[in-house]
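Pasting input_5.csv here (CSV, C-alpha atoms):
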chain,number,residue,atom,x,y,z
A,1,MET,CA,109.5,100.7,80.2
A,2,MET,CA,108.4,104.3,80.8
A,3,PRO,CA,108.8,107.1,78.2
A,4,VAL,CA,112.4,108.4,77.9
A,5,LYS,CA,113.9,111.4,76.2
A,6,ASP,CA,113.7,110.8,72.5
A,7,SER,CA,115.9,112.2,69.7
A,8,ILE,CA,113.1,114.6,68.9
A,9,SER,CA,113.3,117.6,71.3
A,10,GLN,CA,110.8,117.4,74.2
A,11,LEU,CA,110.5,121.2,74.0
A,12,SER,CA,109.7,121.5,70.3
A,13,ILE,CA,109.5,119.6,67.1
A,14,GLY,CA,110.6,120.8,63.7
A,15,LEU,CA,109.4,120.5,60.1
A,16,ALA,CA,112.0,117.9,59.5
A,17,ASP,CA,110.5,115.7,62.2
A,18,VAL,CA,107.1,115.9,60.7
A,19,ALA,CA,108.5,115.2,57.2
A,20,ALA,CA,110.3,112.1,58.6
A,21,ALA,CA,107.1,111.0,60.3
A,22,ARG,CA,105.2,111.2,57.0
A,23,GLU,CA,107.7,108.9,55.3
A,24,ARG,CA,107.2,106.4,58.2
A,25,VAL,CA,103.4,106.3,57.9
A,26,ARG,CA,103.2,106.7,54.1
A,27,GLY,CA,101.1,103.9,52.7
A,28,ALA,CA,99.7,102.8,56.0
A,29,ILE,CA,97.6,106.0,56.7
A,30,TYR,CA,94.7,107.1,54.5
A,31,TYR,CA,95.3,110.4,52.7
A,32,SER,CA,92.0,111.8,53.9
A,33,PRO,CA,90.1,114.2,51.6
A,34,CYS,CA,89.6,117.9,52.2
A,35,PRO,CA,86.7,119.0,50.1
A,36,HIS,CA,85.3,122.5,49.9
A,37,SER,CA,81.8,123.0,51.5
A,38,GLN,CA,79.6,125.6,49.8
A,39,MET,CA,76.9,125.1,52.5
A,40,LEU,CA,79.2,125.5,55.5
A,41,SER,CA,81.0,128.4,53.8
A,42,ALA,CA,77.6,130.2,53.5
A,43,LEU,CA,76.8,129.4,57.2
A,44,THR,CA,80.1,130.5,58.6
A,45,GLY,CA,81.2,133.4,56.4
A,46,GLN,CA,84.5,131.6,55.6
A,47,GLN,CA,85.6,129.5,52.7
A,48,VAL,CA,85.4,126.1,54.5
A,49,TYR,CA,87.4,123.0,53.6
A,50,LEU,CA,86.7,119.9,55.8
A,51,LYS,CA,89.7,117.7,56.6
A,52,LEU,CA,87.9,114.4,57.0
A,53,GLU,CA,90.0,112.4,59.4
A,54,ASN,CA,86.9,110.6,60.6
A,55,LEU,CA,87.4,108.5,57.5
A,56,GLN,CA,90.6,106.9,58.8
A,57,MET,CA,90.5,103.2,59.3
A,58,THR,CA,90.0,103.6,63.1
A,59,GLY,CA,87.7,106.6,62.6
A,60,SER,CA,90.2,109.2,63.9
A,61,PHE,CA,93.5,111.1,63.3
A,62,LYS,CA,95.0,109.4,66.3
A,63,GLU,CA,96.5,106.5,64.4
A,64,ARG,CA,99.0,108.8,62.7
A,65,GLY,CA,100.8,109.6,65.9
A,66,ALA,CA,100.4,106.1,67.2
A,67,LEU,CA,101.9,104.6,64.1
A,68,ASN,CA,104.9,107.0,64.0
A,69,ARG,CA,105.7,106.1,67.6
A,70,ILE,CA,105.3,102.4,67.0
A,71,ALA,CA,107.5,102.6,63.9
A,72,MET,CA,110.3,103.9,66.0
A,73,LEU,CA,110.3,101.1,68.6
A,74,THR,CA,113.5,99.0,68.9
A,75,ALA,CA,113.2,95.3,68.2
A,76,GLU,CA,113.4,94.6,71.9
A,77,GLN,CA,110.7,97.2,72.7
A,78,ALA,CA,108.4,95.7,70.0
A,79,ALA,CA,108.9,92.2,71.5
A,80,ARG,CA,107.8,93.4,74.9
A,81,GLY,CA,104.7,95.1,73.6
A,82,VAL,CA,103.1,98.5,74.2
A,83,VAL,CA,100.7,100.0,76.7
A,84,ALA,CA,98.4,103.0,76.2
A,85,ALA,CA,95.7,104.8,78.2
A,86,SER,CA,92.9,106.3,76.2
A,87,ALA,CA,89.2,107.2,76.1
A,88,GLY,CA,89.0,105.5,72.7
A,89,ASN,CA,90.6,107.0,69.6
A,90,HIS,CA,94.2,106.7,70.6
A,91,ALA,CA,93.5,103.2,71.9
A,92,GLN,CA,92.1,102.1,68.5
A,93,GLY,CA,95.1,103.6,66.7
A,94,VAL,CA,97.6,101.9,68.9
A,95,ALA,CA,95.7,98.6,68.8
A,96,TYR,CA,95.3,98.6,65.0
A,97,HIS,CA,98.9,99.4,64.0
A,98,ALA,CA,100.5,97.4,66.8
A,99,THR,CA,98.5,94.3,66.0
A,100,LYS,CA,99.3,94.7,62.2
A,101,ARG,CA,103.0,94.5,63.2
A,102,GLY,CA,102.5,91.5,65.5
A,103,ILE,CA,103.1,93.7,68.6
A,104,ARG,CA,101.1,93.1,71.8
A,105,ALA,CA,98.9,96.0,72.7
A,106,LEU,CA,97.5,96.5,76.2
A,107,ILE,CA,95.0,99.4,76.5
A,108,VAL,CA,93.5,100.9,79.7
A,109,MET,CA,90.3,102.8,79.1
A,110,PRO,CA,88.1,104.7,81.6
A,111,LEU,CA,85.0,102.8,82.8
A,112,ALA,CA,82.7,105.4,81.2
A,113,THR,CA,84.3,104.9,77.7
A,114,PRO,CA,81.5,104.6,75.1
A,115,LEU,CA,80.9,100.9,74.2
A,116,VAL,CA,81.5,101.5,70.5
A,117,LYS,CA,85.1,102.5,71.3
A,118,VAL,CA,85.7,99.6,73.7
A,119,THR,CA,84.3,97.1,71.2
A,120,ALA,CA,86.3,98.6,68.3
A,121,THR,CA,89.6,98.6,70.3
A,122,ARG,CA,89.1,94.9,71.1
A,123,GLY,CA,88.2,94.3,67.5
A,124,PHE,CA,91.5,95.7,66.4
A,125,GLY,CA,93.3,93.1,68.5
A,126,ALA,CA,94.2,94.8,71.8
A,127,GLU,CA,93.8,93.6,75.3
A,128,VAL,CA,91.4,96.1,77.0
A,129,VAL,CA,91.4,96.9,80.7
A,130,LEU,CA,88.5,99.1,82.0
A,131,HIS,CA,89.7,101.2,84.9
A,132,GLY,CA,89.0,104.5,86.6
A,133,ALA,CA,86.4,107.2,86.4
A,134,ASN,CA,88.4,109.3,83.9
A,135,TYR,CA,91.5,109.4,81.7
A,136,ASP,CA,93.8,110.4,84.6
A,137,GLU,CA,92.9,107.3,86.6
A,138,ALA,CA,93.2,105.1,83.5
A,139,CYS,CA,96.6,106.6,82.8
A,140,GLU,CA,97.8,105.8,86.4
A,141,GLU,CA,96.8,102.2,85.9
A,142,ALA,CA,98.5,102.1,82.5
A,143,THR,CA,101.7,103.4,84.1
A,144,ARG,CA,101.5,100.7,86.7
A,145,LEU,CA,101.0,97.9,84.2
A,146,CYS,CA,103.7,99.3,82.0
A,147,GLU,CA,106.2,99.1,84.8
A,148,ALA,CA,105.0,95.7,86.0
A,149,GLU,CA,105.3,94.1,82.5
A,150,GLY,CA,108.2,96.0,81.1
A,151,MET,CA,106.3,97.3,78.1
A,152,THR,CA,106.6,100.7,76.3
A,153,PHE,CA,104.1,103.4,77.1
A,154,ILE,CA,102.6,105.3,74.2
A,155,HIS,CA,101.2,108.6,75.4
A,156,PRO,CA,98.1,109.9,73.5
A,157,PHE,CA,99.5,113.4,73.1
A,158,ASP,CA,102.4,114.4,75.3
A,159,ASP,CA,105.1,112.7,73.2
A,160,ALA,CA,107.1,114.4,70.5
A,161,MET,CA,107.0,111.5,68.1
A,162,VAL,CA,103.2,111.2,68.5
A,163,MET,CA,102.9,115.0,67.9
A,164,ALA,CA,105.1,114.7,64.8
A,165,GLY,CA,102.8,112.0,63.4
A,166,GLN,CA,99.7,114.2,63.9
A,167,GLY,CA,101.6,116.9,62.1
A,168,THR,CA,101.5,115.0,58.8
A,169,ILE,CA,98.0,116.4,58.5
A,170,GLY,CA,99.4,119.9,58.2
A,171,LEU,CA,101.6,118.8,55.3
A,172,GLU,CA,98.6,117.3,53.5
A,173,LEU,CA,96.5,120.5,54.1
A,174,LEU,CA,99.2,122.6,52.4
A,175,GLU,CA,99.0,120.3,49.4
A,176,GLN,CA,95.2,120.0,49.3
A,177,VAL,CA,94.3,123.7,49.8
A,178,PRO,CA,97.1,125.8,48.1
A,179,GLN,CA,95.2,129.0,49.0
A,180,LEU,CA,95.0,128.1,52.7
A,181,GLU,CA,94.8,131.1,55.0
A,182,ALA,CA,93.7,129.4,58.3
A,183,VAL,CA,93.2,126.1,60.0
A,184,VAL,CA,90.9,125.4,62.9
A,185,VAL,CA,91.8,122.5,65.1
A,186,PRO,CA,90.3,121.0,68.3
A,187,ILE,CA,92.6,120.9,71.3
A,188,GLY,CA,92.7,118.3,74.1
A,189,GLY,CA,96.2,117.9,75.3
A,190,GLY,CA,97.7,119.6,72.3
A,191,GLY,CA,99.3,116.8,70.3
A,192,LEU,CA,97.1,117.4,67.2
A,193,ILE,CA,97.3,121.1,67.0
A,194,GLY,CA,101.0,121.2,68.0
A,195,GLY,CA,102.0,118.9,65.1
A,196,ILE,CA,99.8,120.6,62.6
A,197,ALA,CA,100.8,124.1,63.7
A,198,CYS,CA,104.5,123.2,63.5
A,199,ALA,CA,104.2,121.8,60.0
A,200,ILE,CA,102.2,124.7,58.7
A,201,LYS,CA,103.9,127.6,60.5
A,202,GLU,CA,107.4,126.4,59.5
A,203,SER,CA,106.2,126.0,55.9
A,204,ARG,CA,104.0,129.1,55.5
A,205,PRO,CA,104.1,131.4,58.6
A,206,GLU,CA,101.3,133.6,57.3
A,207,VAL,CA,98.7,130.8,57.7
A,208,ARG,CA,96.7,131.3,61.0
A,209,VAL,CA,96.3,128.4,63.3
A,210,ILE,CA,93.3,128.5,65.7
A,211,GLY,CA,92.6,126.1,68.5
A,212,VAL,CA,89.2,125.1,69.9
A,213,GLN,CA,88.5,123.7,73.4
A,214,THR,CA,85.4,122.7,75.2
A,215,SER,CA,84.5,125.3,77.8
A,216,ARG,CA,84.1,122.5,80.3
A,217,LEU,CA,87.8,121.6,80.2
A,218,PRO,CA,89.8,124.5,78.7
A,219,SER,CA,93.2,123.2,79.9
A,220,MET,CA,95.3,124.8,77.1
A,221,VAL,CA,93.6,128.2,77.7
A,222,ALA,CA,94.4,127.9,81.4
A,223,ALA,CA,98.0,126.9,80.6
A,224,ARG,CA,98.4,130.0,78.3
A,225,THR,CA,96.9,132.2,81.0
A,226,VAL,CA,99.6,131.3,83.6
A,227,GLY,CA,102.4,130.3,81.3
A,228,HIS,CA,102.6,126.6,82.1
A,229,PRO,CA,100.3,123.6,82.2
A,230,VAL,CA,97.9,123.4,85.1
A,231,THR,CA,95.5,120.7,86.2
A,232,LEU,CA,91.8,121.5,86.1
A,233,GLU,CA,89.0,120.0,88.1
A,234,PRO,CA,87.2,117.0,86.5
A,235,SER,CA,84.3,117.6,84.2
A,236,THR,CA,82.2,115.7,81.8
A,237,THR,CA,81.6,116.7,78.1
A,238,ILE,CA,80.2,115.2,75.0
A,239,ALA,CA,83.6,116.0,73.4
A,240,ASP,CA,85.2,113.2,75.3
A,241,GLY,CA,88.1,113.0,72.8
A,242,ILE,CA,89.4,116.4,74.0
A,243,ALA,CA,88.4,116.0,77.7
A,244,VAL,CA,91.9,116.5,79.0
A,245,ARG,CA,92.4,118.2,82.4
A,246,ARG,CA,96.0,119.2,81.8
A,247,ALA,CA,97.8,120.4,78.7
A,248,GLY,CA,100.9,118.4,77.8
A,249,ASP,CA,104.3,119.5,79.1
A,250,THR,CA,105.8,118.6,75.7
A,251,THR,CA,102.9,120.0,73.6
A,252,PHE,CA,102.4,123.3,75.5
A,253,PRO,CA,105.7,125.0,74.3
A,254,VAL,CA,104.8,124.1,70.7
A,255,VAL,CA,101.3,125.5,71.0
A,256,GLU,CA,102.6,128.6,72.7
A,257,ARG,CA,105.0,129.2,69.9
A,258,TYR,CA,102.8,128.5,66.9
A,259,VAL,CA,99.1,128.8,67.7
A,260,ASP,CA,97.6,132.2,67.0
A,261,GLU,CA,94.3,132.0,68.9
A,262,ILE,CA,92.4,129.6,71.2
A,263,VAL,CA,88.6,129.8,71.7
A,264,THR,CA,86.1,127.7,73.6
A,265,VAL,CA,82.7,126.3,72.7
A,266,ASP,CA,80.0,124.9,75.0
A,267,GLU,CA,78.0,121.6,74.9
A,268,ASP,CA,75.0,122.9,72.9
A,269,GLU,CA,77.3,124.5,70.3
A,270,ILE,CA,79.2,121.2,69.9
A,271,ALA,CA,75.9,119.2,69.6
A,272,SER,CA,74.6,121.7,67.0
A,273,ALA,CA,77.7,121.3,65.0
A,274,ILE,CA,77.4,117.5,65.1
A,275,LEU,CA,73.9,117.8,63.7
A,276,VAL,CA,74.9,120.3,61.0
A,277,LEU,CA,77.6,118.0,59.8
A,278,LEU,CA,75.2,115.0,59.8
A,279,GLU,CA,72.3,116.8,58.1
A,280,ARG,CA,74.0,119.2,55.8
A,281,GLU,CA,77.3,117.4,54.9
A,282,LYS,CA,76.2,113.7,55.5
A,283,THR,CA,79.3,113.5,57.7
A,284,LEU,CA,79.4,111.7,61.1
A,285,ALA,CA,81.5,113.4,63.7
A,286,GLU,CA,82.0,112.8,67.4
A,287,GLY,CA,81.9,115.7,69.9
A,288,ALA,CA,85.6,116.4,69.6
A,289,GLY,CA,85.4,116.0,65.8
A,290,ALA,CA,82.8,118.8,65.6
A,291,ALA,CA,84.3,121.3,68.0
A,292,ALA,CA,86.3,123.2,65.3
A,293,LEU,CA,83.2,123.6,63.2
A,294,ALA,CA,81.2,124.7,66.2
A,295,ALA,CA,83.6,127.6,66.7
A,296,LEU,CA,83.1,128.8,63.1
A,297,LEU,CA,79.3,128.3,63.2
A,298,GLN,CA,79.1,130.4,66.4
A,299,ARG,CA,81.5,133.1,65.0
A,300,LYS,CA,83.9,132.6,67.9
A,301,THR,CA,87.1,133.2,66.0
A,302,THR,CA,88.5,136.5,64.5
A,303,LEU,CA,88.6,135.0,61.0
A,304,ASN,CA,86.8,137.0,58.3
A,305,GLY,CA,86.2,135.3,55.0
A,306,ALA,CA,89.4,133.3,55.0
A,307,HIS,CA,90.1,130.0,53.1
A,308,THR,CA,89.8,127.9,56.2
A,309,ALA,CA,90.5,124.2,56.8
A,310,VAL,CA,88.4,122.7,59.5
A,311,MET,CA,89.5,119.5,61.3
A,312,VAL,CA,86.8,116.9,61.5
A,313,CYS,CA,89.2,114.8,63.6
A,314,GLY,CA,87.0,111.8,64.6
A,315,GLY,CA,83.7,110.1,64.0
A,316,ASN,CA,83.6,107.5,66.8
A,317,ILE,CA,80.4,108.5,68.5
A,318,ASP,CA,78.1,106.3,70.6
A,319,VAL,CA,74.8,105.8,68.8
A,320,THR,CA,72.8,106.4,71.9
A,321,LEU,CA,74.5,109.7,72.4
A,322,LEU,CA,74.0,110.5,68.7
A,323,SER,CA,70.3,109.8,69.1
A,324,ARG,CA,70.0,112.2,72.0
A,325,ILE,CA,72.0,114.9,70.1
A,326,ILE,CA,69.7,114.6,67.1
A,327,GLU,CA,66.6,114.8,69.3
A,328,ARG,CA,67.9,117.8,71.2
A,329,GLY,CA,68.9,119.5,68.0
A,330,LEU,CA,65.4,119.1,66.6
A,331,VAL,CA,64.0,120.7,69.8
A,332,GLN,CA,66.4,123.6,69.5
A,333,ASP,CA,65.5,124.2,65.9
A,334,GLY,CA,61.8,124.1,66.7
A,335,ARG,CA,61.3,120.9,64.7
A,336,MET,CA,60.2,119.0,67.8
A,337,ILE,CA,58.1,120.5,70.6
A,338,ARG,CA,56.3,119.2,73.7
A,339,LEU,CA,53.2,121.0,74.8
A,340,ARG,CA,51.2,120.6,78.1
A,341,ILE,CA,47.6,121.4,77.2
A,342,HIS,CA,44.6,121.7,79.6
A,343,LEU,CA,41.3,120.2,78.4
A,344,LEU,CA,37.8,119.8,79.7
A,345,ASP,CA,37.4,116.2,80.7
A,346,LYS,CA,34.6,115.4,78.4
A,347,PRO,CA,34.0,113.2,75.4
A,348,GLY,CA,35.3,114.6,72.1
A,349,ALA,CA,37.7,117.2,73.7
A,350,LEU,CA,40.8,115.2,72.6
A,351,ALA,CA,39.4,114.7,69.1
A,352,GLU,CA,38.9,118.4,68.7
A,353,LEU,CA,42.4,119.1,69.7
A,354,THR,CA,43.9,116.5,67.4
A,355,LEU,CA,41.9,117.9,64.5
A,356,LEU,CA,43.4,121.3,65.1
A,357,ILE,CA,46.9,119.9,65.2
A,358,ALA,CA,46.2,118.0,62.0
A,359,LYS,CA,45.0,121.1,60.3
A,360,TYR,CA,48.4,122.8,60.8
A,361,ARG,CA,50.2,119.7,59.6
A,362,ALA,CA,52.1,118.9,62.8
A,363,ASN,CA,52.7,115.2,63.5
A,364,ILE,CA,52.0,113.7,67.0
A,365,VAL,CA,54.8,111.3,68.1
A,366,ASP,CA,54.0,110.9,71.8
A,367,THR,CA,51.2,111.6,74.3
A,368,LEU,CA,50.8,111.4,78.1
A,369,TYR,CA,47.3,111.9,79.4
A,370,ASN,CA,46.5,112.4,83.1
A,371,ARG,CA,44.0,113.8,85.6
A,372,ALA,CA,45.9,113.6,88.8
A,373,TYR,CA,49.1,115.7,88.4
A,374,TYR,CA,50.2,119.3,87.6
A,375,GLY,CA,47.5,120.8,89.8
A,376,VAL,CA,44.6,119.8,87.5
A,377,ASN,CA,41.2,120.9,88.5
A,378,LEU,CA,38.4,118.4,89.0
A,379,GLY,CA,36.6,118.1,85.7
A,380,ASP,CA,39.7,119.0,83.8
A,381,THR,CA,42.6,117.0,82.4
A,382,THR,CA,46.0,117.7,80.9
A,383,ILE,CA,47.8,116.1,78.0
A,384,ASP,CA,51.5,116.3,77.2
A,385,ILE,CA,51.9,116.0,73.4
A,386,THR,CA,55.2,115.8,71.5
A,387,LEU,CA,55.0,117.1,68.0
A,388,GLU,CA,57.2,117.0,64.9
A,389,THR,CA,57.0,120.2,62.9
A,390,ARG,CA,58.8,121.8,59.9
A,391,GLY,CA,60.2,124.6,62.1
A,392,ARG,CA,59.5,127.6,64.3
A,393,GLU,CA,57.2,129.3,61.8
A,394,GLN,CA,54.9,126.3,61.7
A,395,VAL,CA,55.0,126.1,65.5
A,396,GLU,CA,54.1,129.8,65.9
A,397,GLU,CA,51.1,129.3,63.5
A,398,LEU,CA,49.9,126.3,65.5
A,399,LEU,CA,50.2,128.1,68.9
A,400,ALA,CA,48.4,131.1,67.6
A,401,ALA,CA,45.5,128.9,66.5
A,402,MET,CA,45.4,127.1,69.8
A,403,THR,CA,45.3,130.5,71.6
A,404,ALA,CA,42.5,131.6,69.3
A,405,GLY,CA,40.6,128.4,70.1
A,406,GLY,CA,40.7,129.0,73.8
A,407,TYR,CA,43.2,126.3,74.7
A,408,ARG,CA,45.4,126.8,77.8
A,409,TYR,CA,48.9,125.4,77.2
A,410,SER,CA,52.6,125.7,78.1
A,411,GLN,CA,55.7,124.5,76.3
A,412,VAL,CA,57.6,121.8,78.2
A,413,ILE,CA,61.3,122.6,78.2

Step by step, read the file and then write its structure as structure tokens.
Amino acid sequence: MMPVKDSISQLSIGLADVAAARERVRGAIYYSPCPHSQMLSALTGQQVYLKLENLQMTGSFKERGALNRIAMLTAEQAARGVVAASAGNHAQGVAYHATKRGIRALIVMPLATPLVKVTATRGFGAEVVLHGANYDEACEEATRLCEAEGMTFIHPFDDAMVMAGQGTIGLELLEQVPQLEAVVVPIGGGGLIGGIACAIKESRPEVRVIGVQTSRLPSMVAARTVGHPVTLEPSTTIADGIAVRRAGDTTFPVVERYVDEIVTVDEDEIASAILVLLEREKTLAEGAGAAALAALLQRKTTLNGAHTAVMVCGGNIDVTLLSRIIERGLVQDGRMIRLRIHLLDKPGALAELTLLIAKYRANIVDTLYNRAYYGVNLGDTTIDITLETRGREQVEELLAAMTAGGYRYSQVI
């Protein structure tokens, strides 16, 4: 059966709803840590506390809302089973908690969903159907299956009971960081930030709540601009967990009431934040999970030295994407460069070049040697060399030495 009006208001939720959700999920949801980070505090100018929801059983906060919704099913609804559409994290939350209660879970996921999320969802016991190019098409198929099989639809964000479940994080933050002054939360459809903002603002109104969206799909920003949810054109982003084209009709009024500020971050900024978390904090985050930190690292918010909780809301990232992010981050930091160098086509020319590179302690990881391309003169050759370095200072020293040695080169971007 399709979603119906629930006892919780579809226009807003209250602190009592979040408190009730916490009692329903207590003991089944990990009380995730929220440690202070000296390193990130120094980098951002805030006192940063990382709320590590990537450590949940399914690798994401999503299971909080999914469990709260499942716990409120009637016996008849539970017997018929549940359906969800998701790019991955909500799917895993529904699959895990439905299966634990002996409830059939049917999940529709977009065709482009990372393999790690598809495999994990099946591993948690759900039946997975891959359908559609994006979430919207997957949701349409989920709606059709829901009606055809008489099951209950569990929306990933636009459901008051789901939003209340996510809000349990807000109650934990108030306990874990007594001096809390601000919380920075990624936004997709608004379920996470809506629940957290409700819990925090109705407990301590002075705490600032700041949302972060990807600049590729700023659906909540667009909704705030015109005063109601609007549908954006499709776009791709590494933050697939918040790649939502339209803010929720249920979540938008809550966000409008409680959220102080919304900012956007771009793809490179998100990728950089993933790398910072991995390298400096030894914490694995997916794109959506790193978006909040990206906003602080890039000084996008109006915060100034506040005690700030940052949501690391998920860690389900495809390893091939992670590999590309690491490599790209090394390039941006100057720790990996590729040079196209012109040489005389004579014995010993390459040996002289490699001796120079070795003198400046750069490490060659890849070469491509040719005589026919890039407009090479007869009697000359070019070589593309990929180098690992310690950083930009070492690169500048090496390039200065190559210029002094008479080498013609260009940096390959």

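The smallest atom-to-atom distance between Arg280 in chain A and any of A:Ser32, A:Thr121, A:Gln77, A:Ser41, using only C-alpha atoms, is found for A:Ser41.
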
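Here CA of Ile337 in chain A and CA of Ile383 in chain A stand 13.4 Å from one another.
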
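The two atoms in question, CA of Asn68 in chain A and CA of Thr152 in chain A, are spaced 13.9 Å apart.
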
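Straight-line separation from CA of Val221 in chain A to CA of Arg208 in chain A: 17.3 Å.
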
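Between Gly287 in chain A and the residues A:Val212, A:Ala351, A:Gly305, A:Ala21, the shortest atom-to-atom distance, using all atoms listed in the file, involves A:Val212.
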
Open item on the list: List as a VMD selection string the protein and nucleic acid residues near Ala20 in chain A, meaning an atom at most 12 Å away when all atoms listed in the file are counted, but skip any in the same chain fewer than 3 places from it.
Closed with: chain A and resid 8 13 to 17 23 to 26 68 to 69 71 to 72 161 164 to 165 167 to 168 171 199

Would you tabulate, counting all atoms listed in the file, all residues of range 268-331 of chain A that have an atom at most 7 Å from an atom of range 54-63 of chain A, showing the closest pair of atoms and their distance in Å to one decimal, sorted by chain then ascending number, as JSON lines?
{"residue": "A:Ala285", "atom": "CA", "partner": "A:Asn54", "partner_atom": "CA", "distance": 6.8}
{"residue": "A:Val312", "atom": "CA", "partner": "A:Asn54", "partner_atom": "CA", "distance": 6.4}
{"residue": "A:Cys313", "atom": "CA", "partner": "A:Asn54", "partner_atom": "CA", "distance": 5.7}
{"residue": "A:Gly314", "atom": "CA", "partner": "A:Asn54", "partner_atom": "CA", "distance": 4.2}
{"residue": "A:Gly315", "atom": "CA", "partner": "A:Asn54", "partner_atom": "CA", "distance": 4.7}
{"residue": "A:Asn316", "atom": "CA", "partner": "A:Gly59", "partner_atom": "CA", "distance": 5.9}

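Proximity of A:Ala197, A:Val276, A:Met151, A:Ala291 to Val255 in chain A, computed with only C-alpha atoms, is greatest for A:Ala197.
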
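Of the listed residues (A:Asp136, A:Ala105, A:Ile364, A:Gly150), A:Asp136 comes nearest to Leu232 in chain A; the distances count only C-alpha atoms.
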
For Val183 in chain A, work out the shell of residues within 6 Å, counting only C-alpha atoms and skipping chain neighbours fewer than 6 positions away, then give it as an mmCIF file with C-alpha atoms, keeping the file's coordinate frame.
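Done, and the output landed in selection20.cif:
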data_model
loop_
_atom_site.group_PDB
_atom_site.id
_atom_site.type_symbol
_atom_site.label_atom_id
_atom_site.label_comp_id
_atom_site.auth_asym_id
_atom_site.auth_seq_id
_atom_site.Cartn_x
_atom_site.Cartn_y
_atom_site.Cartn_z
ATOM 1 C CA VAL A 209 96.300 128.400 63.300
ATOM 2 C CA THR A 308 89.800 127.900 56.200
ATOM 3 C CA ALA A 309 90.500 124.200 56.800
ATOM 4 C CA VAL A 310 88.400 122.700 59.500
#

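Taking only C-alpha atoms into account, Met336 in chain A lies nearest to A:Asp366 out of the set A:Glu127, A:Glu181, A:Asp366, A:Glu261.
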
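Nearest to Leu297 in chain A of all the residues A:Thr214, A:Glu147, A:Gln46, A:Gln179 is A:Gln46, counting all atoms listed in the file.
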
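Using all atoms listed in the file, the contacts of Leu192 in chain A at a cut-off of 8 Å, with sequence neighbours closer than 5 positions omitted, comprise A:Phe157, A:Met163, A:Gln166, A:Gly167, A:Val185, A:Pro186, A:Ile187.
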
- [ ] With a distance cut-off of 10 Å and all atoms listed in the file, select the neighbouring residues of range 321-331 of chain A, excluding the residue or stretch itself and same-chain residues fewer than 2 positions from it, and output the selection as JSON, numbers by chain.
- [x] {"A": [114, 238, 268, 270, 271, 272, 273, 274, 275, 276, 278, 279, 284, 285, 286, 287, 317, 318, 319, 333, 334, 335, 336, 337, 338, 387, 388, 389, 390, 391, 392, 413]}

TODO: Please identify all polymer residues within 6 Å of range 124-126 of chain A, counting only C-alpha atoms, omitting same-chain residues fewer than 6 positions from it, and present them as a list in words.
DONE: Ala95, Tyr96, Thr99, Ala105 and Leu106 of chain A
